[in-house]
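What follows is coords.tsv (TSV, C-alpha atoms and all ligand atoms).
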chain	number	residue	atom	x	y	z
A	1	MET	CA	85.23	246.39	105.60
A	2	THR	CA	81.69	245.20	106.34
A	3	ILE	CA	79.36	246.83	108.85
A	4	LEU	CA	76.71	244.40	110.07
A	5	VAL	CA	73.39	245.90	111.14
A	6	ILE	CA	71.30	243.71	113.46
A	7	GLY	CA	67.73	244.45	112.39
A	8	ARG	CA	66.06	244.80	109.01
A	9	GLN	CA	62.43	245.89	109.32
A	10	GLY	CA	62.86	248.50	112.06
A	11	GLN	CA	63.00	252.22	111.34
A	12	LEU	CA	66.72	252.67	112.03
A	13	ALA	CA	67.74	249.40	110.38
A	14	GLN	CA	65.87	250.38	107.21
A	15	CYS	CA	67.55	253.80	107.18
A	16	LEU	CA	70.99	252.24	107.65
A	17	GLY	CA	70.21	249.84	104.81
A	18	ALA	CA	68.99	252.69	102.60
A	19	ALA	CA	72.11	254.80	103.19
A	20	GLY	CA	73.49	253.60	99.87
A	21	ARG	CA	76.56	251.80	101.22
A	22	LYS	CA	77.56	248.50	99.67
A	23	ASP	CA	79.54	247.58	102.78
A	24	VAL	CA	76.46	247.67	105.04
A	25	VAL	CA	74.69	244.34	105.54
A	26	CYS	CA	71.36	244.27	107.41
A	27	VAL	CA	70.27	240.97	108.94
A	28	GLY	CA	67.05	240.70	110.95
A	29	ARG	CA	64.57	238.14	112.09
A	30	PRO	CA	64.16	235.28	111.38
A	31	GLU	CA	67.85	234.82	110.42
A	32	VAL	CA	69.11	236.55	113.53
A	33	ASP	CA	67.25	236.88	116.82
A	34	LEU	CA	68.72	238.67	119.82
A	35	THR	CA	67.23	236.02	122.08
A	36	ASP	CA	69.01	233.22	120.19
A	37	ALA	CA	72.76	233.24	120.91
A	38	ALA	CA	73.48	230.63	118.24
A	39	SER	CA	71.88	232.83	115.55
A	40	LEU	CA	74.08	235.75	116.64
A	41	ALA	CA	77.28	233.68	116.51
A	42	ARG	CA	76.30	232.15	113.17
A	43	THR	CA	75.62	235.58	111.65
A	44	LEU	CA	78.87	237.13	112.93
A	45	ASP	CA	80.86	234.21	111.56
A	46	ALA	CA	79.09	234.29	108.19
A	47	VAL	CA	79.38	238.07	107.66
A	48	GLN	CA	82.73	238.61	109.46
A	49	PRO	CA	82.12	242.33	110.01
A	50	LYS	CA	84.62	244.84	111.37
A	51	ALA	CA	81.77	246.58	113.23
A	52	VAL	CA	78.24	245.75	114.29
A	53	ILE	CA	75.44	248.29	114.74
A	54	ASN	CA	72.71	246.83	116.94
A	55	ALA	CA	69.55	248.55	115.69
A	56	ALA	CA	67.19	245.89	117.03
A	57	ALA	CA	65.34	246.27	120.30
A	58	TYR	CA	62.10	245.60	122.12
A	59	THR	CA	60.56	249.05	121.54
A	60	PHE	CA	57.01	248.69	122.92
A	61	VAL	CA	57.39	251.27	125.68
A	62	ASP	CA	53.92	250.81	127.21
A	63	LYS	CA	53.60	247.06	126.68
A	64	ALA	CA	56.98	246.59	128.40
A	65	GLU	CA	55.27	247.44	131.70
A	66	THR	CA	53.46	244.09	131.52
A	67	GLU	CA	56.04	242.25	129.37
A	68	ALA	CA	59.17	242.83	131.44
A	69	ALA	CA	60.66	239.43	130.64
A	70	ALA	CA	60.50	240.05	126.89
A	71	SER	CA	61.87	243.57	127.28
A	72	PHE	CA	64.88	242.42	129.36
A	73	ALA	CA	65.52	239.42	127.10
A	74	VAL	CA	65.82	241.59	123.98
A	75	ASN	CA	67.19	244.83	125.44
A	76	ARG	CA	69.61	243.48	128.05
A	77	ASP	CA	70.37	239.77	127.65
A	78	GLY	CA	70.58	239.76	123.84
A	79	PRO	CA	72.94	242.74	123.65
A	80	ALA	CA	75.04	241.21	126.47
A	81	GLU	CA	75.49	238.03	124.44
A	82	LEU	CA	76.16	240.02	121.25
A	83	ALA	CA	78.78	242.05	123.12
A	84	ARG	CA	80.53	238.90	124.40
A	85	LEU	CA	80.60	237.43	120.89
A	86	CYS	CA	81.90	240.69	119.37
A	87	ALA	CA	84.61	241.05	122.01
A	88	ALA	CA	85.80	237.47	121.40
A	89	ARG	CA	86.13	238.23	117.68
A	90	GLY	CA	87.64	241.74	117.93
A	91	ILE	CA	84.52	243.30	116.39
A	92	ARG	CA	83.58	246.87	117.39
A	93	LEU	CA	80.02	247.14	118.70
A	94	ILE	CA	77.80	250.19	118.26
A	95	HIS	CA	74.77	249.67	120.46
A	96	ILE	CA	71.75	251.98	120.25
A	97	SER	CA	70.04	253.19	123.40
A	98	THR	CA	67.50	255.80	124.41
A	99	ASP	CA	66.66	259.07	126.16
A	100	MET	CA	64.31	256.98	128.29
A	101	VAL	CA	67.19	255.98	130.56
A	102	PHE	CA	66.64	259.45	132.11
A	103	ASP	CA	63.76	260.67	134.27
A	104	GLY	CA	63.51	264.05	132.51
A	105	GLU	CA	63.89	266.06	135.73
A	106	LYS	CA	67.09	267.85	134.64
A	107	ALA	CA	66.61	271.50	133.67
A	108	GLY	CA	68.92	271.40	130.63
A	109	PRO	CA	69.90	268.88	127.95
A	110	TYR	CA	71.30	265.56	129.19
A	111	GLU	CA	75.03	264.85	128.83
A	112	PRO	CA	76.20	261.25	128.35
A	113	ASP	CA	77.57	261.05	131.91
A	114	ASP	CA	74.47	262.41	133.68
A	115	PRO	CA	73.09	259.87	136.15
A	116	PRO	CA	70.36	257.73	134.58
A	117	ALA	CA	67.06	257.12	136.39
A	118	PRO	CA	64.57	255.37	134.10
A	119	LEU	CA	60.85	255.84	134.74
A	120	GLY	CA	59.68	252.50	133.36
A	121	VAL	CA	60.55	248.93	132.42
A	122	TYR	CA	61.61	249.77	128.84
A	123	GLY	CA	64.05	252.45	130.04
A	124	LEU	CA	65.43	250.16	132.74
A	125	SER	CA	65.88	247.27	130.30
A	126	LYS	CA	67.76	249.59	127.90
A	127	LEU	CA	69.93	250.93	130.75
A	128	GLU	CA	70.82	247.43	131.90
A	129	GLY	CA	71.58	246.58	128.27
A	130	GLU	CA	73.99	249.53	128.10
A	131	ARG	CA	75.76	248.33	131.24
A	132	ALA	CA	75.99	244.74	130.01
A	133	VAL	CA	77.43	245.87	126.65
A	134	ALA	CA	79.99	248.15	128.30
A	135	GLN	CA	81.11	245.35	130.61
A	136	ALA	CA	81.37	242.61	127.98
A	137	CYS	CA	82.88	244.52	125.05
A	138	PRO	CA	85.51	247.20	125.79
A	139	GLN	CA	85.48	248.37	122.15
A	140	HIS	CA	81.91	249.68	122.27
A	141	LEU	CA	80.05	252.83	121.44
A	142	ILE	CA	76.70	253.17	123.17
A	143	VAL	CA	74.70	255.78	121.29
A	144	ARG	CA	71.54	257.15	122.89
A	145	VAL	CA	69.02	258.55	120.42
A	146	GLN	CA	65.59	260.18	120.77
A	147	TRP	CA	62.41	261.27	118.99
A	148	VAL	CA	63.42	259.49	115.78
A	149	PHE	CA	61.13	259.93	112.77
A	150	SER	CA	61.24	259.31	109.04
A	151	GLU	CA	59.26	257.95	106.12
A	152	TYR	CA	60.23	254.42	107.28
A	153	ALA	CA	58.38	252.06	109.68
A	154	GLY	CA	56.27	253.30	112.58
A	155	ASN	CA	56.97	256.68	114.16
A	156	PHE	CA	55.33	259.91	115.42
A	157	VAL	CA	55.00	261.51	111.96
A	158	ARG	CA	53.30	258.46	110.47
A	159	THR	CA	50.99	258.22	113.50
A	160	MET	CA	49.95	261.89	113.26
A	161	LEU	CA	49.26	261.69	109.51
A	162	THR	CA	47.30	258.47	109.98
A	163	LEU	CA	45.17	260.04	112.72
A	164	ALA	CA	44.51	263.11	110.56
A	165	GLN	CA	43.04	260.92	107.83
A	166	THR	CA	40.01	260.24	110.02
A	167	ARG	CA	39.97	262.97	112.70
A	168	ASP	CA	39.64	266.75	112.71
A	169	GLU	CA	41.32	267.10	116.12
A	170	VAL	CA	44.15	265.22	117.79
A	171	THR	CA	45.17	265.49	121.43
A	172	VAL	CA	48.93	265.68	121.96
A	173	VAL	CA	50.97	266.38	125.07
A	174	ASP	CA	52.51	269.84	125.06
A	175	ASP	CA	54.90	269.64	128.01
A	176	GLN	CA	57.32	266.94	126.80
A	177	VAL	CA	60.32	268.55	125.13
A	178	GLY	CA	62.97	266.95	122.97
A	179	TYR	CA	65.13	267.14	119.88
A	180	PRO	CA	63.43	265.51	116.87
A	181	THR	CA	65.90	263.47	114.85
A	182	TYR	CA	65.46	262.54	111.18
A	183	CYS	CA	66.39	258.88	110.97
A	184	PRO	CA	68.36	258.98	107.67
A	185	ASP	CA	70.51	261.76	109.19
A	186	LEU	CA	70.95	259.65	112.32
A	187	ALA	CA	71.91	256.63	110.19
A	188	ALA	CA	74.51	258.68	108.32
A	189	GLY	CA	75.94	259.87	111.65
A	190	LEU	CA	76.11	256.33	113.02
A	191	LEU	CA	77.93	255.12	109.91
A	192	THR	CA	80.47	257.90	110.35
A	193	MET	CA	80.92	256.79	113.96
A	194	ALA	CA	81.40	253.18	112.82
A	195	ASP	CA	83.91	254.21	110.13
A	196	THR	CA	85.88	256.14	112.74
A	197	ALA	CA	85.72	253.38	115.34
A	198	VAL	CA	87.34	250.81	113.05
A	199	LYS	CA	90.34	253.02	112.31
A	200	PRO	CA	93.58	251.82	113.91
A	201	GLY	CA	94.32	253.68	117.13
A	202	PHE	CA	90.74	254.80	117.81
A	203	ASP	CA	90.27	254.80	121.56
A	204	ARG	CA	87.29	257.05	122.37
A	205	TRP	CA	85.06	254.16	123.44
A	206	GLY	CA	82.07	254.89	125.66
A	207	THR	CA	78.62	256.46	125.71
A	208	TYR	CA	77.46	259.22	123.36
A	209	HIS	CA	74.28	261.07	122.53
A	210	LEU	CA	73.29	261.64	118.90
A	211	ALA	CA	70.19	263.71	118.17
A	212	GLY	CA	68.94	266.82	116.45
A	213	THR	CA	69.69	270.16	118.03
A	214	ASP	CA	66.42	272.10	117.70
A	215	GLU	CA	64.12	271.87	120.69
A	216	THR	CA	60.38	271.44	120.38
A	217	ASP	CA	57.48	269.86	122.25
A	218	ARG	CA	55.26	267.05	121.04
A	219	ALA	CA	52.23	269.24	120.27
A	220	SER	CA	54.36	271.72	118.30
A	221	MET	CA	55.94	268.82	116.41
A	222	ALA	CA	52.44	267.60	115.51
A	223	ASP	CA	51.59	271.12	114.31
A	224	ALA	CA	54.71	271.08	112.12
A	225	VAL	CA	53.70	267.69	110.67
A	226	PHE	CA	50.26	269.02	109.73
A	227	ALA	CA	51.65	272.27	108.30
A	228	ALA	CA	54.00	270.28	106.06
A	229	SER	CA	51.13	267.99	105.05
A	230	ARG	CA	48.71	270.86	104.30
A	231	ALA	CA	51.37	272.46	102.11
A	232	ILE	CA	51.16	269.48	99.74
A	233	GLY	CA	47.39	268.93	100.02
A	234	GLY	CA	47.69	266.14	102.60
A	235	PRO	CA	45.60	265.48	105.72
A	236	SER	CA	45.81	267.76	108.72
A	237	ALA	CA	44.06	268.16	112.06
A	238	GLN	CA	43.80	270.71	114.82
A	239	VAL	CA	46.21	269.93	117.64
A	240	ILE	CA	44.75	270.08	121.14
A	241	GLY	CA	47.67	270.42	123.53
A	242	VAL	CA	47.32	268.81	126.96
A	243	PRO	CA	49.72	268.35	129.87
A	244	THR	CA	51.19	264.87	130.34
A	245	ALA	CA	49.37	264.69	133.69
A	246	GLU	CA	46.08	264.65	131.74
A	247	TYR	CA	47.26	262.00	129.28
A	248	PRO	CA	48.14	258.95	131.38
A	249	THR	CA	50.03	256.09	129.69
A	250	PRO	CA	51.11	252.75	131.20
A	251	ALA	CA	54.77	253.88	131.08
A	252	ARG	CA	55.68	257.39	132.23
A	253	ARG	CA	57.65	259.51	129.74
A	254	PRO	CA	60.38	261.99	130.70
A	255	LEU	CA	59.19	265.60	130.36
A	256	ASN	CA	62.69	266.59	129.25
A	257	SER	CA	64.18	264.21	126.65
A	258	ARG	CA	66.83	266.54	125.27
A	259	LEU	CA	70.12	264.73	124.61
A	260	ALA	CA	73.18	266.94	124.14
A	261	SER	CA	75.21	265.64	121.19
A	262	THR	CA	78.18	267.96	121.67
A	263	MET	CA	80.58	265.13	122.51
A	264	ALA	CA	79.62	263.01	119.48
A	265	PHE	CA	79.79	266.06	117.22
A	266	ARG	CA	83.28	266.88	118.48
A	267	VAL	CA	84.83	263.39	118.58
A	268	PHE	CA	83.38	262.21	115.25
A	269	GLY	CA	83.20	265.55	113.40
A	270	LEU	CA	79.42	265.29	113.04
A	271	ARG	CA	76.51	267.66	112.84
A	272	LEU	CA	72.92	266.62	112.13
A	273	PRO	CA	70.97	268.86	109.72
A	274	ASP	CA	67.79	270.74	110.71
A	275	TRP	CA	65.02	268.18	111.38
A	276	LYS	CA	62.43	270.26	109.49
A	277	ALA	CA	64.08	269.39	106.16
A	278	GLY	CA	63.75	265.72	107.12
A	279	LEU	CA	60.15	266.32	108.17
A	280	ASN	CA	59.26	267.71	104.75
A	281	LYS	CA	60.89	264.72	103.05
A	282	SER	CA	59.04	262.27	105.31
A	283	VAL	CA	55.69	263.95	104.72
A	284	ARG	CA	56.21	264.02	100.94
A	285	VAL	CA	56.67	260.22	100.98
A	286	LEU	CA	54.10	259.34	103.62
A	287	VAL	CA	51.12	261.40	102.40
A	288	PRO	CA	50.71	259.59	99.07
A	289	GLU	CA	51.61	256.24	100.65
A	290	LEU	CA	48.93	256.57	103.35
A	291	ALA	CA	46.36	257.90	100.86
A	292	ALA	CA	46.90	254.86	98.66
A	293	LYS	CA	46.45	252.54	101.65
A	294	SER	CA	43.48	254.25	103.29
A	295	GLY	CA	40.79	253.57	100.66
A	296	ASP	CA	37.50	254.93	101.99
A	297	LYS	CA	38.74	255.55	105.55
A	298	THR	CA	39.63	259.21	104.92
A	299	LYS	CA	37.39	261.96	106.26
A	300	GLY	CA	35.08	263.73	103.85
A	401	LIG	N1	62.28	255.47	117.44
A	401	LIG	C1	62.65	256.29	118.43
A	401	LIG	O1	62.14	257.42	118.55
A	401	LIG	C2	63.72	255.88	119.40
A	401	LIG	C3	63.95	256.70	120.50
A	401	LIG	C4	64.93	256.35	121.39
A	401	LIG	C5	65.68	255.20	121.18
A	401	LIG	N2	65.42	254.39	120.12
A	401	LIG	C6	66.25	253.19	119.95
A	401	LIG	O2	66.70	253.13	118.61
A	401	LIG	C7	66.87	251.77	118.20
A	401	LIG	C8	66.14	251.54	116.89
A	401	LIG	O3	64.77	251.80	117.10
A	401	LIG	P1	63.72	251.83	115.89
A	401	LIG	O4	63.02	253.13	115.97
A	401	LIG	O5	64.36	251.42	114.63
A	401	LIG	O6	62.72	250.69	116.43
A	401	LIG	P2	61.69	249.79	115.60
A	401	LIG	O7	61.29	250.45	114.35
A	401	LIG	O8	60.65	249.40	116.60
A	401	LIG	O9	62.55	248.50	115.24
A	401	LIG	C9	62.96	247.59	116.19
A	401	LIG	C10	63.43	246.36	115.46
A	401	LIG	O10	63.94	245.44	116.42
A	401	LIG	C11	63.65	244.16	115.94
A	401	LIG	N3	63.60	243.18	117.00
A	401	LIG	C12	62.76	243.13	118.05
A	401	LIG	N4	63.03	242.04	118.80
A	401	LIG	C13	64.07	241.41	118.18
A	401	LIG	C14	64.79	240.22	118.46
A	401	LIG	N5	64.50	239.43	119.52
A	401	LIG	N6	65.79	239.86	117.63
A	401	LIG	C15	66.08	240.61	116.55
A	401	LIG	N7	65.41	241.72	116.22
A	401	LIG	C16	64.42	242.13	117.04
A	401	LIG	C17	62.28	244.26	115.29
A	401	LIG	O11	62.25	243.24	114.34
A	401	LIG	P3	60.93	242.75	113.60
A	401	LIG	O12	60.78	243.67	112.46
A	401	LIG	O13	61.28	241.35	113.21
A	401	LIG	O14	59.80	242.83	114.60
A	401	LIG	C18	62.33	245.64	114.68
A	401	LIG	O15	62.71	245.56	113.34
A	401	LIG	C19	66.39	250.92	119.39
A	401	LIG	O16	67.50	250.57	120.16
A	401	LIG	C20	65.52	251.88	120.18
A	401	LIG	O17	65.49	251.53	121.55
A	401	LIG	C21	64.46	254.72	119.21
Output the file's structure in the form of structure tokens.
Ligand SMILES: NC(=O)c1ccc[n+]([C@@H]2O[C@H](COP(=O)([O-])OP(=O)(O)OC[C@H]3O[C@@H](n4cnc5c(N)ncnc54)[C@H](OP(=O)(O)O)[C@@H]3O)[C@@H](O)[C@H]2O)c1
Amino acid sequence: MTILVIGRQGQLAQCLGAAGRKDVVCVGRPEVDLTDAASLARTLDAVQPKAVINAAAYTFVDKAETEAAASFAVNRDGPAELARLCAARGIRLIHISTDMVFDGEKAGPYEPDDPPAPLGVYGLSKLEGERAVAQACPQHLIVRVQWVFSEYAGNFVRTMLTLAQTRDEVTVVDDQVGYPTYCPDLAAGLLTMADTAVKPGFDRWGTYHLAGTDETDRASMADAVFAASRAIGGPSAQVIGVPTAEYPTPARRPLNSRLASTMAFRVFGLRLPDWKAGLNKSVRVLVPELAAKSGDKTKG
């Protein structure tokens, strides 16, 4: 059984590819483009997967505010076409979505059936993508994820370590809370979900959340990154916590991003390990990699 991953260079696609499974095939641009229906059909017919994991998306949250057409093309229209093609071929579709479909006003963690209310274009394009996938492909799993980090591609941990190479202080919001999620653990969880979804008789289609379970805020997460880096002689900086209200960005972020994974854990027998173990692994890879790249940019 082959699992086709749409995406190759992205953080999640790389982690799915690195999971050590011979039956996982990652195909990204230029071979397959979500805005090119023919490339999707061609790839499905060439690979003939039992399941597809769509790990590709337009992920520029702030730029989406001024690039709505691109955001909707990749996050809604592409997945809609992919879903139609999968349904016509009897292929199960696992489509990745985001905490940013919520406004963050809820007091507790979000359940999959809580009403969405995105704060920006990116969140809205992902929400409309979810709806299009659900409508076009009954055998779907929509999996919302959040605060994903790793040693792969661009993410919060890499950004913090890069900033600390040249700065003594970094300003980070301290009132946005979430569940950090180590991407290789997320990838392993998604592969378990795919393996389960292709079993005969599986019928628990629908929307799930899959994330870590330990709550933190962005400033505390930055502190944890620098503590892990200091422990191995890497760069660190003092974290200056500020409220989101004092750190305006083109797209508003939810103050509460916590996604409750209880349903996914129960239906698929999953549990994601403590994110701090993943943080230490990420930092151990990233610190030497960034040092090798930085040349003379590092602070004295
Ligand atoms: N990272 C997070 O914290 C986070 C949080 C919530 C939800 N998510 C969701 O998780 C999923 C994976 O995110 P990620 O962190 O892996 O993002 P990422 O590192 O930004 O990767 C996104 C990938 O999508 C590909 N892509 C963009 N437009 C495409 C198109 N038209 N056709 C084909 N591929 C295209 C990009 O390909 P190129 O390499 O060719 O540019 C890139 O490899 C996304 O659905 C995202 O919305 C992520």
Pick from A:Ala136, A:Ala46, A:Ile3, A:Ala211, whichever lies nearest to ligand LIG 401 (chain A) using all atoms listed in the file: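 Selected residue with least distance to ligand LIG 401 (chain A): A:Ala211.
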Pick out the residues sitting within 10 Å of Arg253 (chain A), and hand them over as a PyMOL selection string; count only C-alpha atoms, and ignore anything fewer than 4 positions along from it in its own chain. chain A and resi 61-62+99-100+102-104+118-120+123+176+244+248-249+257
Step by step, measure atom-to-atom distances between ligand LIG 401 (chain A) and each residue using all atoms listed in the file, keep those at most 9 Å, then write them as a PDB file with C-alpha atoms, in the frame of the given file.
ATOM      1  CA  ILE A   6      71.300 243.710 113.460  1.00  0.00           C
ATOM      2  CA  GLY A   7      67.730 244.450 112.390  1.00  0.00           C
ATOM      3  CA  ARG A   8      66.060 244.800 109.010  1.00  0.00           C
ATOM      4  CA  GLN A   9      62.430 245.890 109.320  1.00  0.00           C
ATOM      5  CA  GLY A  10      62.860 248.500 112.060  1.00  0.00           C
ATOM      6  CA  GLN A  11      63.000 252.220 111.340  1.00  0.00           C
ATOM      7  CA  LEU A  12      66.720 252.670 112.030  1.00  0.00           C
ATOM      8  CA  ALA A  13      67.740 249.400 110.380  1.00  0.00           C
ATOM      9  CA  GLN A  14      65.870 250.380 107.210  1.00  0.00           C
ATOM     10  CA  CYS A  15      67.550 253.800 107.180  1.00  0.00           C
ATOM     11  CA  VAL A  27      70.270 240.970 108.940  1.00  0.00           C
ATOM     12  CA  GLY A  28      67.050 240.700 110.950  1.00  0.00           C
ATOM     13  CA  ARG A  29      64.570 238.140 112.090  1.00  0.00           C
ATOM     14  CA  PRO A  30      64.160 235.280 111.380  1.00  0.00           C
ATOM     15  CA  GLU A  31      67.850 234.820 110.420  1.00  0.00           C
ATOM     16  CA  VAL A  32      69.110 236.550 113.530  1.00  0.00           C
ATOM     17  CA  ASP A  33      67.250 236.880 116.820  1.00  0.00           C
ATOM     18  CA  LEU A  34      68.720 238.670 119.820  1.00  0.00           C
ATOM     19  CA  THR A  35      67.230 236.020 122.080  1.00  0.00           C
ATOM     20  CA  ASP A  36      69.010 233.220 120.190  1.00  0.00           C
ATOM     21  CA  ASN A  54      72.710 246.830 116.940  1.00  0.00           C
ATOM     22  CA  ALA A  55      69.550 248.550 115.690  1.00  0.00           C
ATOM     23  CA  ALA A  56      67.190 245.890 117.030  1.00  0.00           C
ATOM     24  CA  ALA A  57      65.340 246.270 120.300  1.00  0.00           C
ATOM     25  CA  TYR A  58      62.100 245.600 122.120  1.00  0.00           C
ATOM     26  CA  THR A  59      60.560 249.050 121.540  1.00  0.00           C
ATOM     27  CA  PHE A  60      57.010 248.690 122.920  1.00  0.00           C
ATOM     28  CA  ALA A  70      60.500 240.050 126.890  1.00  0.00           C
ATOM     29  CA  SER A  71      61.870 243.570 127.280  1.00  0.00           C
ATOM     30  CA  ALA A  73      65.520 239.420 127.100  1.00  0.00           C
ATOM     31  CA  VAL A  74      65.820 241.590 123.980  1.00  0.00           C
ATOM     32  CA  ASN A  75      67.190 244.830 125.440  1.00  0.00           C
ATOM     33  CA  GLY A  78      70.580 239.760 123.840  1.00  0.00           C
ATOM     34  CA  HIS A  95      74.770 249.670 120.460  1.00  0.00           C
ATOM     35  CA  ILE A  96      71.750 251.980 120.250  1.00  0.00           C
ATOM     36  CA  SER A  97      70.040 253.190 123.400  1.00  0.00           C
ATOM     37  CA  THR A  98      67.500 255.800 124.410  1.00  0.00           C
ATOM     38  CA  ASP A  99      66.660 259.070 126.160  1.00  0.00           C
ATOM     39  CA  MET A 100      64.310 256.980 128.290  1.00  0.00           C
ATOM     40  CA  TYR A 122      61.610 249.770 128.840  1.00  0.00           C
ATOM     41  CA  GLY A 123      64.050 252.450 130.040  1.00  0.00           C
ATOM     42  CA  LYS A 126      67.760 249.590 127.900  1.00  0.00           C
ATOM     43  CA  VAL A 143      74.700 255.780 121.290  1.00  0.00           C
ATOM     44  CA  ARG A 144      71.540 257.150 122.890  1.00  0.00           C
ATOM     45  CA  VAL A 145      69.020 258.550 120.420  1.00  0.00           C
ATOM     46  CA  GLN A 146      65.590 260.180 120.770  1.00  0.00           C
ATOM     47  CA  TRP A 147      62.410 261.270 118.990  1.00  0.00           C
ATOM     48  CA  VAL A 148      63.420 259.490 115.780  1.00  0.00           C
ATOM     49  CA  PHE A 149      61.130 259.930 112.770  1.00  0.00           C
ATOM     50  CA  TYR A 152      60.230 254.420 107.280  1.00  0.00           C
ATOM     51  CA  ALA A 153      58.380 252.060 109.680  1.00  0.00           C
ATOM     52  CA  GLY A 154      56.270 253.300 112.580  1.00  0.00           C
ATOM     53  CA  ASN A 155      56.970 256.680 114.160  1.00  0.00           C
ATOM     54  CA  PHE A 156      55.330 259.910 115.420  1.00  0.00           C
ATOM     55  CA  PRO A 180      63.430 265.510 116.870  1.00  0.00           C
ATOM     56  CA  THR A 181      65.900 263.470 114.850  1.00  0.00           C
ATOM     57  CA  CYS A 183      66.390 258.880 110.970  1.00  0.00           C
TER      58      CYS A 183
END
Find the residue from A:Ala134, A:Ala64, A:Ala88, A:Leu270 that sits nearest to Pro250 (chain A); use only C-alpha atoms when measuring.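 For Pro250 (chain A), the nearest of the given residues is A:Ala64.
As for CA of Thr216 (chain A) and CA of Tyr179 (chain A), they are spaced 6.4 Å apart.
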Around region 85-94 of chain A, fit a box with edges along x, y and z, padding it by 6 Å on each side, then list its centre and edge lengths in Å to one decimal as lines of an AutoDock Vina configuration file.
center_x = 82.7
center_y = 243.8
center_z = 119.2
size_x = 21.8
size_y = 24.8
size_z = 17.6
Would you compute the distance between CA of Val52 (chain A) and CA of Glu81 (chain A)? Give it in Å to one decimal. 13.0 Å
Can you pull out every residue within 12 Å of Ser229 (chain A), counting all atoms listed in the file, but drop anything in the same chain fewer than 2 positions away, and send it as a ChimeraX atom specification? /A:157-158,160-162,164-165,222-227,231-237,279-288,290-291
In Å, how far is it from CA of Ile240 (chain A) to CA of Ala292 (chain A)?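 Rounded to one decimal, the two atoms are 27.2 Å apart.
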Exercise: Val121 (chain A) partners within 7 Å, all atoms listed in the file, chain neighbours under 3 positions left out, as a list in words: Ala64, Glu65, Ala68, Leu124 and Ser125 of chain A
